[in-house]
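Source file: final_2.cif. Holds: mmCIF, C-alpha atoms and all ligand atoms.
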```
data_target
#
loop_
_atom_site.label_atom_id
_atom_site.label_comp_id
_atom_site.auth_asym_id
_atom_site.auth_seq_id
_atom_site.Cartn_x
_atom_site.Cartn_y
_atom_site.Cartn_z
CA MET B 299 119.64 51.88 62.54
CA THR B 300 123.02 52.71 64.12
CA ASP B 301 126.49 54.03 63.33
CA ASN B 302 125.59 55.97 60.23
CA ASN B 303 128.40 58.41 59.53
CA ASN B 304 128.19 59.47 55.91
CA GLY B 305 127.52 63.17 56.23
CA VAL B 306 124.12 64.77 55.79
CA LEU B 307 121.14 63.80 53.66
CA VAL B 308 118.77 66.64 52.79
CA VAL B 309 115.21 66.01 51.60
CA VAL B 310 114.50 68.87 49.19
CA GLU B 311 110.90 69.66 48.29
CA VAL B 312 110.37 70.61 44.67
CA LEU B 313 107.45 72.76 43.54
CA GLU B 314 106.76 73.22 39.84
CA SER B 315 110.17 71.73 39.03
CA GLN B 316 111.98 74.24 41.31
CA PRO B 317 113.54 73.35 44.67
CA ILE B 318 111.90 75.45 47.39
CA ASP B 319 114.11 78.05 49.11
CA LEU B 320 114.10 76.06 52.34
CA GLY B 321 115.69 73.11 50.51
CA LEU B 322 118.56 75.33 49.37
CA GLU B 323 118.91 76.81 52.87
CA MET B 324 119.23 73.28 54.31
CA LEU B 325 121.90 72.42 51.73
CA ALA B 326 123.99 75.34 53.02
CA LEU B 327 123.57 74.03 56.56
CA ALA B 328 124.50 70.51 55.43
CA ARG B 329 127.63 71.89 53.72
CA ARG B 330 128.71 73.62 56.92
CA LEU B 331 128.04 70.50 58.99
CA THR B 332 129.98 68.18 56.69
CA ASP B 333 132.85 70.67 56.59
CA SER B 334 133.13 70.14 60.34
CA MET B 335 132.30 66.42 60.68
CA GLY B 336 133.25 64.99 57.27
CA GLY B 337 131.18 62.94 54.85
CA THR B 338 129.13 63.98 51.86
CA VAL B 339 126.05 66.12 51.30
CA THR B 340 123.35 64.07 49.60
CA ALA B 341 120.22 65.79 48.31
CA VAL B 342 117.08 63.78 47.63
CA ALA B 343 114.28 65.04 45.38
CA PHE B 344 110.92 63.43 44.62
CA GLY B 345 108.52 64.65 41.94
CA THR B 346 108.12 65.02 38.22
CA GLY B 347 109.87 67.27 35.71
CA LEU B 348 113.11 67.15 37.69
CA GLU B 349 115.44 67.35 34.66
CA SER B 350 117.35 70.40 35.88
CA THR B 351 116.90 69.83 39.62
CA GLY B 352 120.12 67.83 40.06
CA GLU B 353 122.35 70.60 38.65
CA THR B 354 120.61 73.23 40.77
CA LEU B 355 121.11 71.23 43.96
CA ILE B 356 124.78 70.58 43.19
CA ALA B 357 125.31 74.28 42.46
CA HIS B 358 123.88 75.01 45.93
CA GLY B 359 126.13 72.60 47.80
CA ALA B 360 125.13 68.94 47.20
CA ASP B 361 127.86 66.38 46.42
CA GLN B 362 125.38 63.85 45.13
CA VAL B 363 121.72 64.07 44.20
CA LEU B 364 119.27 61.17 44.20
CA ILE B 365 116.35 61.91 41.91
CA ASN B 366 113.13 59.93 42.11
CA ASP B 367 111.22 61.23 39.07
CA ASN B 368 107.88 59.47 39.01
CA SER B 369 104.32 60.69 38.38
CA ILE B 370 103.16 59.20 41.67
CA PHE B 371 105.40 61.71 43.44
CA ALA B 372 103.98 64.68 41.51
CA ASN B 373 102.27 65.79 44.73
CA PHE B 374 103.51 65.25 48.25
CA HIS B 375 102.14 62.12 49.92
CA ALA B 376 104.16 60.96 52.95
CA GLU B 377 103.10 57.33 52.71
CA ALA B 378 104.25 57.17 49.10
CA TRP B 379 107.65 58.72 49.85
CA LEU B 380 108.51 56.58 52.86
CA PRO B 381 109.62 53.26 51.29
CA ASP B 382 111.95 54.96 48.80
CA LEU B 383 113.26 57.49 51.27
CA SER B 384 113.97 54.80 53.87
CA LYS B 385 115.86 52.76 51.26
CA MET B 386 117.92 55.80 50.19
CA ILE B 387 118.81 56.52 53.81
CA ALA B 388 119.81 52.88 54.37
CA GLU B 389 122.11 53.02 51.32
CA VAL B 390 123.66 56.44 51.97
CA ALA B 391 123.92 55.91 55.77
CA PRO B 392 123.95 59.63 56.68
CA ALA B 393 124.70 60.75 60.23
CA ILE B 394 122.04 63.47 59.91
CA VAL B 395 118.84 63.72 57.86
CA LEU B 396 117.40 67.23 57.32
CA ILE B 397 113.78 67.81 56.31
CA GLY B 398 112.11 71.20 55.88
CA HIS B 399 109.82 72.37 58.69
CA SER B 400 107.03 72.85 56.15
CA GLU B 401 103.56 71.32 56.16
CA SER B 402 104.87 68.38 54.15
CA GLY B 403 108.06 68.06 56.19
CA THR B 404 106.27 68.02 59.53
CA ASP B 405 104.02 65.27 58.18
CA LEU B 406 106.91 63.25 56.79
CA ALA B 407 109.54 63.52 59.54
CA PRO B 408 107.77 61.76 62.46
CA ARG B 409 106.64 58.94 60.16
CA LEU B 410 110.19 58.51 58.90
CA ALA B 411 111.55 58.53 62.46
CA PHE B 412 109.11 55.80 63.44
CA ARG B 413 110.02 53.71 60.42
CA LEU B 414 113.77 54.07 61.05
CA ASP B 415 113.34 53.67 64.83
CA VAL B 416 115.22 56.91 65.49
CA ASP B 417 114.34 60.20 67.18
CA VAL B 418 113.33 63.48 65.54
CA ALA B 419 113.84 67.10 66.61
CA THR B 420 111.29 69.34 64.90
CA GLY B 421 111.48 73.08 64.26
CA CYS B 422 115.27 73.38 64.57
CA GLU B 423 116.83 76.81 64.13
CA SER B 424 120.49 75.85 64.25
CA ILE B 425 122.64 72.72 64.35
CA GLU B 426 126.20 72.51 65.62
CA ILE B 427 128.56 69.57 65.91
CA MET B 428 129.96 69.26 69.43
CA ASN B 429 132.07 66.29 70.56
CA GLY B 430 131.25 64.64 67.25
CA ARG B 431 127.49 64.81 67.83
CA PRO B 432 124.88 67.07 66.28
CA HIS B 433 123.26 69.46 68.75
CA MET B 434 119.99 71.00 67.55
CA THR B 435 118.67 74.31 68.93
CA ARG B 436 114.93 74.92 68.82
CA SER B 437 112.18 76.90 70.53
CA CYS B 438 110.46 75.54 73.61
CA PHE B 439 107.88 76.85 76.11
CA GLY B 440 105.88 78.50 73.34
CA GLY B 441 108.88 80.41 71.99
CA LEU B 442 109.91 81.81 75.41
CA ALA B 443 113.13 79.77 75.60
CA ARG B 444 115.52 77.78 73.45
CA GLU B 445 116.58 74.21 74.13
CA VAL B 446 119.53 72.26 72.77
CA VAL B 447 118.91 68.58 72.07
CA THR B 448 121.20 65.82 70.90
CA PHE B 449 120.74 62.24 69.81
CA THR B 450 121.89 58.82 70.91
CA LYS B 451 120.97 57.05 67.65
CA THR B 452 121.82 57.75 64.03
CA PRO B 453 120.68 59.12 61.75
CA ALA B 454 119.77 62.22 63.74
CA LEU B 455 116.56 63.43 62.14
CA ALA B 456 115.64 67.13 62.21
CA THR B 457 113.14 69.46 60.61
CA VAL B 458 114.66 72.87 59.92
CA ARG B 459 112.78 76.18 60.10
CA SER B 460 112.57 78.35 57.02
CA LYS B 461 114.92 81.39 57.01
CA SER B 462 116.97 80.05 59.91
CA GLN B 463 119.82 79.43 57.42
CA GLN B 464 121.10 81.31 54.41
CA ALA B 465 121.37 79.51 51.07
CA LEU B 466 124.79 79.51 49.40
CA PRO B 467 125.14 81.52 46.22
CA PRO B 468 124.93 79.03 43.31
CA MET B 469 128.26 77.87 41.85
CA MET B 470 127.38 76.37 38.48
CA GLU B 471 130.92 74.96 38.11
CA ARG B 472 130.59 72.77 41.25
CA ALA B 473 130.97 69.07 40.44
CA GLY B 474 128.69 66.38 41.80
CA GLU B 475 126.96 63.16 40.92
CA ILE B 476 123.32 62.86 39.86
CA LYS B 477 121.69 59.43 40.20
CA HIS B 478 118.22 58.57 38.97
CA VAL B 479 116.57 56.11 41.31
CA ASP B 480 113.87 53.61 40.41
CA SER B 481 111.00 53.64 42.86
CA ILE B 482 110.38 50.53 44.94
CA LEU B 483 106.90 51.74 45.92
CA ASP B 484 104.18 49.11 45.68
CA GLU B 485 101.12 51.29 45.12
CA ASN B 486 98.81 48.46 46.17
CA SER B 487 100.34 48.48 49.63
CA MET B 488 99.32 52.08 50.30
CA ARG B 489 96.61 52.50 52.90
CA THR B 490 95.77 56.11 52.05
CA ARG B 491 95.18 57.91 48.77
CA VAL B 492 95.06 61.59 47.93
CA VAL B 493 91.63 61.99 46.35
CA ASN B 494 91.66 65.74 45.81
CA ARG B 495 94.10 68.58 46.14
CA GLU B 496 93.18 72.24 46.07
CA THR B 497 95.80 74.89 45.63
CA GLU B 498 95.03 78.12 47.40
CA LYS B 499 95.16 81.05 45.01
CA ALA B 500 98.08 83.22 46.06
CA ASP B 501 98.54 86.61 44.46
CA GLY B 502 101.64 88.73 44.83
CA VAL B 503 104.89 87.95 46.56
CA LYS B 504 105.41 84.77 48.56
CA MET B 505 105.54 85.54 52.27
CA GLU B 506 108.89 83.82 52.91
CA SER B 507 110.68 85.70 50.12
CA ALA B 508 108.99 89.10 50.59
CA LYS B 509 111.24 91.96 51.76
CA ILE B 510 108.27 93.57 53.52
CA VAL B 511 105.68 91.54 55.44
CA ILE B 512 102.65 93.15 57.09
CA GLY B 513 101.11 91.06 59.85
CA GLY B 514 97.58 91.69 61.08
CA GLY B 515 96.09 90.68 64.41
CA LEU B 516 92.90 91.09 66.41
CA GLY B 517 93.59 94.82 66.72
CA LEU B 518 92.54 95.15 63.07
CA GLY B 519 88.98 94.81 64.32
CA GLY B 520 87.73 92.51 61.56
CA PRO B 521 88.37 91.05 58.10
CA GLU B 522 88.08 94.52 56.44
CA GLY B 523 91.37 95.42 58.12
CA PHE B 524 93.09 92.79 55.99
CA LYS B 525 91.79 94.47 52.82
CA THR B 526 93.78 97.58 53.75
CA LEU B 527 96.87 95.48 54.59
CA ASN B 528 96.58 93.73 51.22
CA GLU B 529 96.34 97.09 49.44
CA ILE B 530 99.47 98.33 51.20
CA ALA B 531 101.30 95.06 50.48
CA GLU B 532 100.47 95.41 46.81
CA LEU B 533 101.75 98.99 46.76
CA VAL B 534 105.09 98.09 48.38
CA ASP B 535 105.54 94.67 46.74
CA GLY B 536 105.16 92.97 50.10
CA ALA B 537 103.13 90.11 51.55
CA VAL B 538 100.47 89.88 54.25
CA GLY B 539 100.60 87.57 57.26
CA ALA B 540 98.55 87.28 60.43
CA SER B 541 98.40 86.19 64.02
CA ARG B 542 96.83 82.85 64.79
CA ALA B 543 93.93 84.60 66.55
CA ALA B 544 93.02 86.44 63.33
CA CYS B 545 93.21 83.19 61.33
CA ASP B 546 91.11 81.37 63.94
CA LEU B 547 88.36 83.95 63.41
CA ASP B 548 88.55 83.46 59.62
CA TRP B 549 89.47 87.10 59.09
CA CYS B 550 92.08 85.83 56.62
CA PRO B 551 93.21 82.48 55.15
CA ARG B 552 94.91 80.02 57.55
CA SER B 553 97.98 80.12 55.28
CA TYR B 554 98.62 83.68 56.54
CA GLN B 555 99.51 82.46 60.04
CA ILE B 556 102.97 83.48 61.22
CA GLY B 557 104.45 81.94 64.36
CA LEU B 558 105.36 78.84 66.21
CA SER B 559 102.59 76.78 64.65
CA GLY B 560 102.56 78.82 61.44
CA ARG B 561 105.08 80.12 58.95
CA THR B 562 108.48 81.68 59.67
CA VAL B 563 109.46 84.94 58.03
CA ALA B 564 112.58 87.08 58.31
CA PRO B 565 111.98 90.08 56.03
CA GLU B 566 113.84 93.39 55.96
CA LEU B 567 110.72 95.00 57.44
CA TYR B 568 107.93 93.41 59.46
CA ILE B 569 104.97 95.67 60.22
CA ALA B 570 102.88 94.22 63.06
CA VAL B 571 99.43 95.76 63.12
CA GLY B 572 97.16 95.14 66.11
CA ILE B 573 99.28 92.21 67.24
CA SER B 574 100.04 91.86 70.95
CA GLY B 575 103.46 90.17 70.48
CA ALA B 576 102.82 86.81 72.14
CA SER B 577 105.94 84.62 72.14
CA HIS B 578 104.10 82.13 69.91
CA HIS B 579 103.77 84.82 67.26
CA MET B 580 107.27 86.26 67.69
CA ALA B 581 108.77 82.78 67.14
CA GLY B 582 107.78 83.21 63.49
CA CYS B 583 108.89 86.81 62.88
CA GLY B 584 111.44 87.65 65.61
CA ASN B 585 114.36 87.41 63.15
CA SER B 586 113.01 90.20 60.95
CA LYS B 587 115.61 92.94 60.43
CA THR B 588 113.32 95.77 61.50
CA ILE B 589 109.99 95.47 63.28
CA VAL B 590 107.54 98.35 63.27
CA SER B 591 104.38 97.98 65.33
CA VAL B 592 101.04 99.70 65.39
CA ASN B 593 99.13 99.14 68.61
CA SER B 594 96.60 101.11 70.63
CA ASP B 595 98.10 99.91 73.91
CA PRO B 596 101.35 101.77 74.76
CA ASN B 597 102.34 98.86 77.01
CA ALA B 598 101.81 96.16 74.38
CA GLU B 599 104.48 93.43 74.51
CA ILE B 600 105.21 93.82 70.79
CA PHE B 601 106.86 97.22 71.41
CA LYS B 602 109.68 95.44 73.29
CA SER B 603 110.70 93.70 70.04
CA SER B 604 110.05 96.72 67.80
CA ARG B 605 112.52 99.25 66.47
CA PHE B 606 109.70 101.74 65.88
CA GLY B 607 106.29 101.81 67.52
CA ILE B 608 103.16 103.75 66.65
CA VAL B 609 100.61 104.02 69.45
CA GLY B 610 97.18 104.43 67.93
CA ASN B 611 94.13 102.96 66.28
CA SER B 612 95.06 100.69 63.35
CA GLN B 613 91.75 101.42 61.69
CA GLU B 614 92.78 105.07 61.30
CA ILE B 615 96.53 104.63 60.85
CA MET B 616 96.56 101.93 58.16
CA PRO B 617 94.14 103.60 55.68
CA ALA B 618 96.10 106.85 56.17
CA LEU B 619 99.36 105.01 55.48
CA ALA B 620 97.89 103.44 52.33
CA GLU B 621 96.83 106.90 51.15
CA GLU B 622 100.30 108.38 51.76
CA ILE B 623 102.04 105.55 49.90
CA ARG B 624 99.61 105.98 46.99
CA LYS B 625 100.43 109.70 46.85
CA LEU B 626 104.17 109.01 46.98
CA LYS B 627 103.91 106.47 44.18
CA ALA B 628 101.83 108.82 42.04
C1 LIG B 701 100.61 76.06 71.28
C2 LIG B 701 100.29 77.43 70.76
C3 LIG B 701 100.74 77.78 69.52
C4 LIG B 701 100.46 79.06 69.02
N1 LIG B 701 100.94 79.40 67.79
C5 LIG B 701 100.73 80.66 67.35
C6 LIG B 701 101.26 81.09 66.09
O1 LIG B 701 101.88 80.29 65.35
N2 LIG B 701 101.06 82.36 65.71
C7 LIG B 701 100.35 83.27 66.48
O2 LIG B 701 100.20 84.43 66.06
N3 LIG B 701 99.85 82.88 67.66
C8 LIG B 701 99.99 81.62 68.10
N4 LIG B 701 99.44 81.24 69.28
C9 LIG B 701 98.51 82.20 69.95
C10 LIG B 701 99.24 83.29 70.69
O3 LIG B 701 99.60 82.84 71.98
C11 LIG B 701 98.35 84.55 70.83
O4 LIG B 701 97.13 84.19 71.41
C12 LIG B 701 98.05 85.25 69.50
O5 LIG B 701 99.25 85.47 68.80
C13 LIG B 701 97.34 86.58 69.76
O6 LIG B 701 96.97 87.17 68.56
P1 LIG B 701 96.80 88.73 68.46
O7 LIG B 701 98.07 89.40 68.85
O8 LIG B 701 96.23 89.03 67.12
O9 LIG B 701 95.62 89.03 69.51
P2 LIG B 701 95.65 89.70 70.93
O10 LIG B 701 96.63 89.04 71.82
O11 LIG B 701 94.25 89.79 71.38
O12 LIG B 701 96.23 91.16 70.65
C14 LIG B 701 95.54 92.15 69.96
C15 LIG B 701 96.38 93.41 70.05
O13 LIG B 701 95.74 94.41 69.29
C16 LIG B 701 95.80 95.63 70.03
N5 LIG B 701 94.67 96.44 69.57
C17 LIG B 701 93.36 96.35 69.93
N6 LIG B 701 92.63 97.24 69.24
C18 LIG B 701 93.50 97.92 68.46
C19 LIG B 701 93.33 98.94 67.51
N7 LIG B 701 92.12 99.47 67.20
N8 LIG B 701 94.44 99.40 66.88
C20 LIG B 701 95.67 98.90 67.16
N9 LIG B 701 95.86 97.92 68.04
C21 LIG B 701 94.80 97.42 68.67
C22 LIG B 701 95.72 95.24 71.48
O14 LIG B 701 96.31 96.23 72.30
C23 LIG B 701 96.52 93.94 71.48
O15 LIG B 701 97.89 94.18 71.75
C24 LIG B 701 99.69 79.98 69.79
C25 LIG B 701 99.25 79.60 71.05
C26 LIG B 701 99.53 78.34 71.53
C27 LIG B 701 99.03 77.96 72.89
#
```
Since I need it in another form, could you write the structure as structure tokens?
Amino acid sequence: MTDNNNGVLVVVEVLESQPIDLGLEMLALARRLTDSMGGTVTAVAFGTGLESTGETLIAHGADQVLINDNSIFANFHAEAWLPDLSKMIAEVAPAIVLIGHSESGTDLAPRLAFRLDVDVATGCESIEIMNGRPHMTRSCFGGLAREVVTFTKTPALATVRSKSQQALPPMMERAGEIKHVDSILDENSMRTRVVNRETEKADGVKMESAKIVIGGGLGLGGPEGFKTLNEIAELVDGAVGASRAACDLDWCPRSYQIGLSGRTVAPELYIAVGISGASHHMAGCGNSKTIVSVNSDPNAEIFKSSRFGIVGNSQEIMPALAEEIRKLKA
């Protein structure tokens, strides 16, 4: 596929009829990119119950929305999305295709790139147009450096990290076109089927939208440490995350993992408890407004990224902190 030049196409994931925040963040990025290179912002949504999705996406920056409302798309399944998505891209001919750097997005993007015979840059944090070409910035060397990549073919395909962009405030009066698309998927041609899907029970605030995130690492000493972090998170309306090492040991669910190969957060306050501050971890929380760390090692790397540091034993400090917050709230 070559010489596509019609702006940016954004694949927006929809959960329970609502576009996820990352989809809206990518629309803001697409708006900025088309302002500089021309063309339209096209949003694509797959799923069911998408009656109000089109208006929401237009209010957040889309010029046109392609809706594929079909029960087969109720849950994400890359193989099912690919034929329709490829057709939409062929018809719209965007210069850039943006997909969220989520679990679904990182499954979908390489398959789409293969199908379109183009390249993909995953985990992008920013995109600029220079000399008429998109230049994507992303982490490399385990989060120790940033690299800028560009493309020789179009569309340029990128997955975008959560919280690397800021969504536009909705403008309900924005005009745009909503098209309902009939699926071309031949279900008999699918080689894989989703036989079961389990949704992990998640209480409290979602990590990506929480104003306070408390991350726990090996310095917590065991799974009990996460109980205290969860108590504190509940008291302050925050969310709990973790280092990969803590997830690997099953001290907490895998979905807690923050970092290069986990989730990206950028809260007002990130409290890192018993986390060493490896670059792989910081890649997922380094954009937090304020980082406060608790670590028994005064030379821990995490203190270099922290505004405030507490040197001490997390197993004493965190229960004491929970107690103080409880008293304050009472
Ligand atoms: C390709 C790749 C991808 C990766 N992706 C990720 C990722 O997405 N996210 C991630 O987190 N990691 C990731 N890692 C792993 C990463 O490099 C580190 O190994 C990991 O983050 C370390 O976790 P930790 O800080 O909990 O453990 P450690 O590095 O062991 O640090 C534990 C810290 O706790 C402190 N401590 C010990 N006892 C106490 C106590 N009683 N009280 C207070 N502090 C105490 C120690 O001083 C130390 O600083 C990745 C690695 C690779 C190679």
Checklist line | Straight-line distance linking atom CA of B:Thr340 with atom CA of B:Gly403, stated in Å to one decimal | finding: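 Rounded to one decimal, the two atoms are 17.1 Å apart.
Within 8 Å of B:Arg459, once all atoms listed in the file are used and residues closer than 6 positions along the same chain are dropped, the contacting residues are Leu320, Gly398, His399, Ser400, Gly421, Cys422, Glu423 and Thr562 of chain B.
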Near ligand LIG 701 (chain B), 6 Å: chain B residue rows, closest pairs, all atoms listed in the file, as a Markdown table:
```
| residue | atom | partner | partner_atom | distance |
| --- | --- | --- | --- | --- |
| B:Gly515 | CA | B:LIG701 | O8 | 3.2 |
| B:Leu516 | CA | B:LIG701 | O8 | 4.0 |
| B:Gly517 | CA | B:LIG701 | O13 | 3.4 |
| B:Leu518 | CA | B:LIG701 | C19 | 5.9 |
| B:Ser541 | CA | B:LIG701 | O2 | 3.2 |
| B:Arg542 | CA | B:LIG701 | C7 | 3.9 |
| B:Ala543 | CA | B:LIG701 | O6 | 4.5 |
| B:Ala544 | CA | B:LIG701 | O8 | 5.6 |
| B:Gln555 | CA | B:LIG701 | N2 | 5.9 |
| B:Ile556 | CA | B:LIG701 | N2 | 5.0 |
| B:Gly557 | CA | B:LIG701 | O1 | 3.2 |
| B:Leu558 | CA | B:LIG701 | O1 | 3.9 |
| B:Ser559 | CA | B:LIG701 | O1 | 3.6 |
| B:Gly560 | CA | B:LIG701 | O1 | 4.2 |
| B:Gly572 | CA | B:LIG701 | O13 | 3.6 |
| B:Ile573 | CA | B:LIG701 | O7 | 3.5 |
| B:Ser574 | CA | B:LIG701 | O15 | 3.3 |
| B:Gly575 | CA | B:LIG701 | O7 | 5.7 |
| B:Ala576 | CA | B:LIG701 | O5 | 5.1 |
| B:His578 | CA | B:LIG701 | C5 | 4.5 |
| B:His579 | CA | B:LIG701 | O2 | 3.8 |
| B:Val592 | CA | B:LIG701 | C20 | 5.7 |
| B:Asn593 | CA | B:LIG701 | N9 | 3.5 |
| B:Ser594 | CA | B:LIG701 | N9 | 4.2 |
| B:Asp595 | CA | B:LIG701 | O14 | 4.4 |
| B:Ala598 | CA | B:LIG701 | O15 | 5.1 |
| B:Gly610 | CA | B:LIG701 | C20 | 5.8 |
| B:Asn611 | CA | B:LIG701 | N8 | 3.6 |
| B:Ser612 | CA | B:LIG701 | N8 | 3.8 |
| B:Gln613 | CA | B:LIG701 | N7 | 5.9 |
```
Next item on the list: Name all residues at most 10 Å from stretch 450-456 of chain B (count all atoms listed in the file; drop same-chain ones fewer than 3 positions away) and give them as a PyMOL selection string.
Entry: chain B and resi 299-308+387-388+391-399+403-404+407-408+410-411+414-423+425+431-434+459
Notebook entry, point to check: In terms of the shortest atom-to-atom distance over only C-alpha atoms, which of B:Asp484, B:His375, B:Met428, B:Lys385 is closest to B:Asp405?
Noted result: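 Checking each of B:Asp484, B:His375, B:Met428, B:Lys385 against B:Asp405, counting only C-alpha atoms, the winner is B:His375.
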Scan for residues within 12 Å of the point (97.3, 84.4, 44.9) in the coordinates of the file, using only C-alpha atoms, and reply as a PDB file with C-alpha atoms, in the coordinates of the input.
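That gives us part15.pdb:
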```
ATOM      1  CA  THR B 497      95.800  74.890  45.630  1.00  0.00           C
ATOM      2  CA  GLU B 498      95.030  78.120  47.400  1.00  0.00           C
ATOM      3  CA  LYS B 499      95.160  81.050  45.010  1.00  0.00           C
ATOM      4  CA  ALA B 500      98.080  83.220  46.060  1.00  0.00           C
ATOM      5  CA  ASP B 501      98.540  86.610  44.460  1.00  0.00           C
ATOM      6  CA  GLY B 502     101.640  88.730  44.830  1.00  0.00           C
ATOM      7  CA  VAL B 503     104.890  87.950  46.560  1.00  0.00           C
ATOM      8  CA  LYS B 504     105.410  84.770  48.560  1.00  0.00           C
ATOM      9  CA  MET B 505     105.540  85.540  52.270  1.00  0.00           C
ATOM     10  CA  ASN B 528      96.580  93.730  51.220  1.00  0.00           C
ATOM     11  CA  GLU B 532     100.470  95.410  46.810  1.00  0.00           C
ATOM     12  CA  ALA B 537     103.130  90.110  51.550  1.00  0.00           C
ATOM     13  CA  VAL B 538     100.470  89.880  54.250  1.00  0.00           C
ATOM     14  CA  PRO B 551      93.210  82.480  55.150  1.00  0.00           C
ATOM     15  CA  SER B 553      97.980  80.120  55.280  1.00  0.00           C
ATOM     16  CA  TYR B 554      98.620  83.680  56.540  1.00  0.00           C
TER      17      TYR B 554
END
```
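Distances from B:Ala443, B:Val492, B:Ala326, B:Val458 to B:Phe374 were compared using only C-alpha atoms, and the smallest one belongs to B:Val492.
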Check: In Å, how far is it from atom CA of B:Ala341 to atom CA of B:Leu364?
Finding: 6.3 Å
Checklist line | B:Val563 surroundings by all atoms listed in the file, 9 Å radius, close-in-sequence under 2 positions cut, as a list of chain:residue names | finding: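 What passes the distance filter is B:Ser460, B:Lys461, B:Met505, B:Glu506, B:Ser507, B:Ala508, B:Val511, B:Ile556, B:Gly557, B:Arg561, B:Pro565, B:Tyr568, B:Gly582, B:Cys583, B:Gly584, B:Asn585, B:Ser586.
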Note to self: Can you measure atom CA of B:Ser603 to atom CA of B:Ala581 for me? One decimal in Å is fine.
What the structure shows: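 Straight-line distance from atom CA of B:Ser603 to atom CA of B:Ala581 works out to 11.5 Å.
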Margin query: Let me make sure I understand: among B:Ala343, B:Ile569, B:Ile476, B:Ala564, which one has the smallest atom-to-atom distance to B:Leu619 if we use only C-alpha atoms?
Written below: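 Closest to B:Leu619, using only C-alpha atoms: B:Ile569.
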Item checked: Counting all atoms listed in the file, the option among B:Val342, B:Ala372, B:Gln464, B:Ala360 closest to B:Glu314 ->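 Distance minimum relative to B:Glu314 lands on B:Ala372.
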Next item on the list: For B:Lys477, list every protein, DNA or RNA residue within 8 Å, evaluated using all atoms listed in the file, and leave out those in the same chain fewer than 5 positions away; present the list as a ChimeraX atom specification.
Entry: /B:362-365
Next item on the list: Find, counting all atoms listed in the file, the residue in B:Ala465, B:Val609, B:Met616, B:Leu483 that gets nearest to B:Leu527.
Entry: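 Among the listed residues, B:Met616 lies closest to B:Leu527.
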Kindly compute an axis-aligned box around the listed atoms of stretch 420-436 of chain B, allowing 5 Å on each side, and express its centre and edge lengths in Å to one decimal as lines of an AutoDock Vina configuration file.
```
center_x = 121.7
center_y = 70.7
center_z = 67.3
size_x = 30.8
size_y = 22.2
size_z = 16.4
```
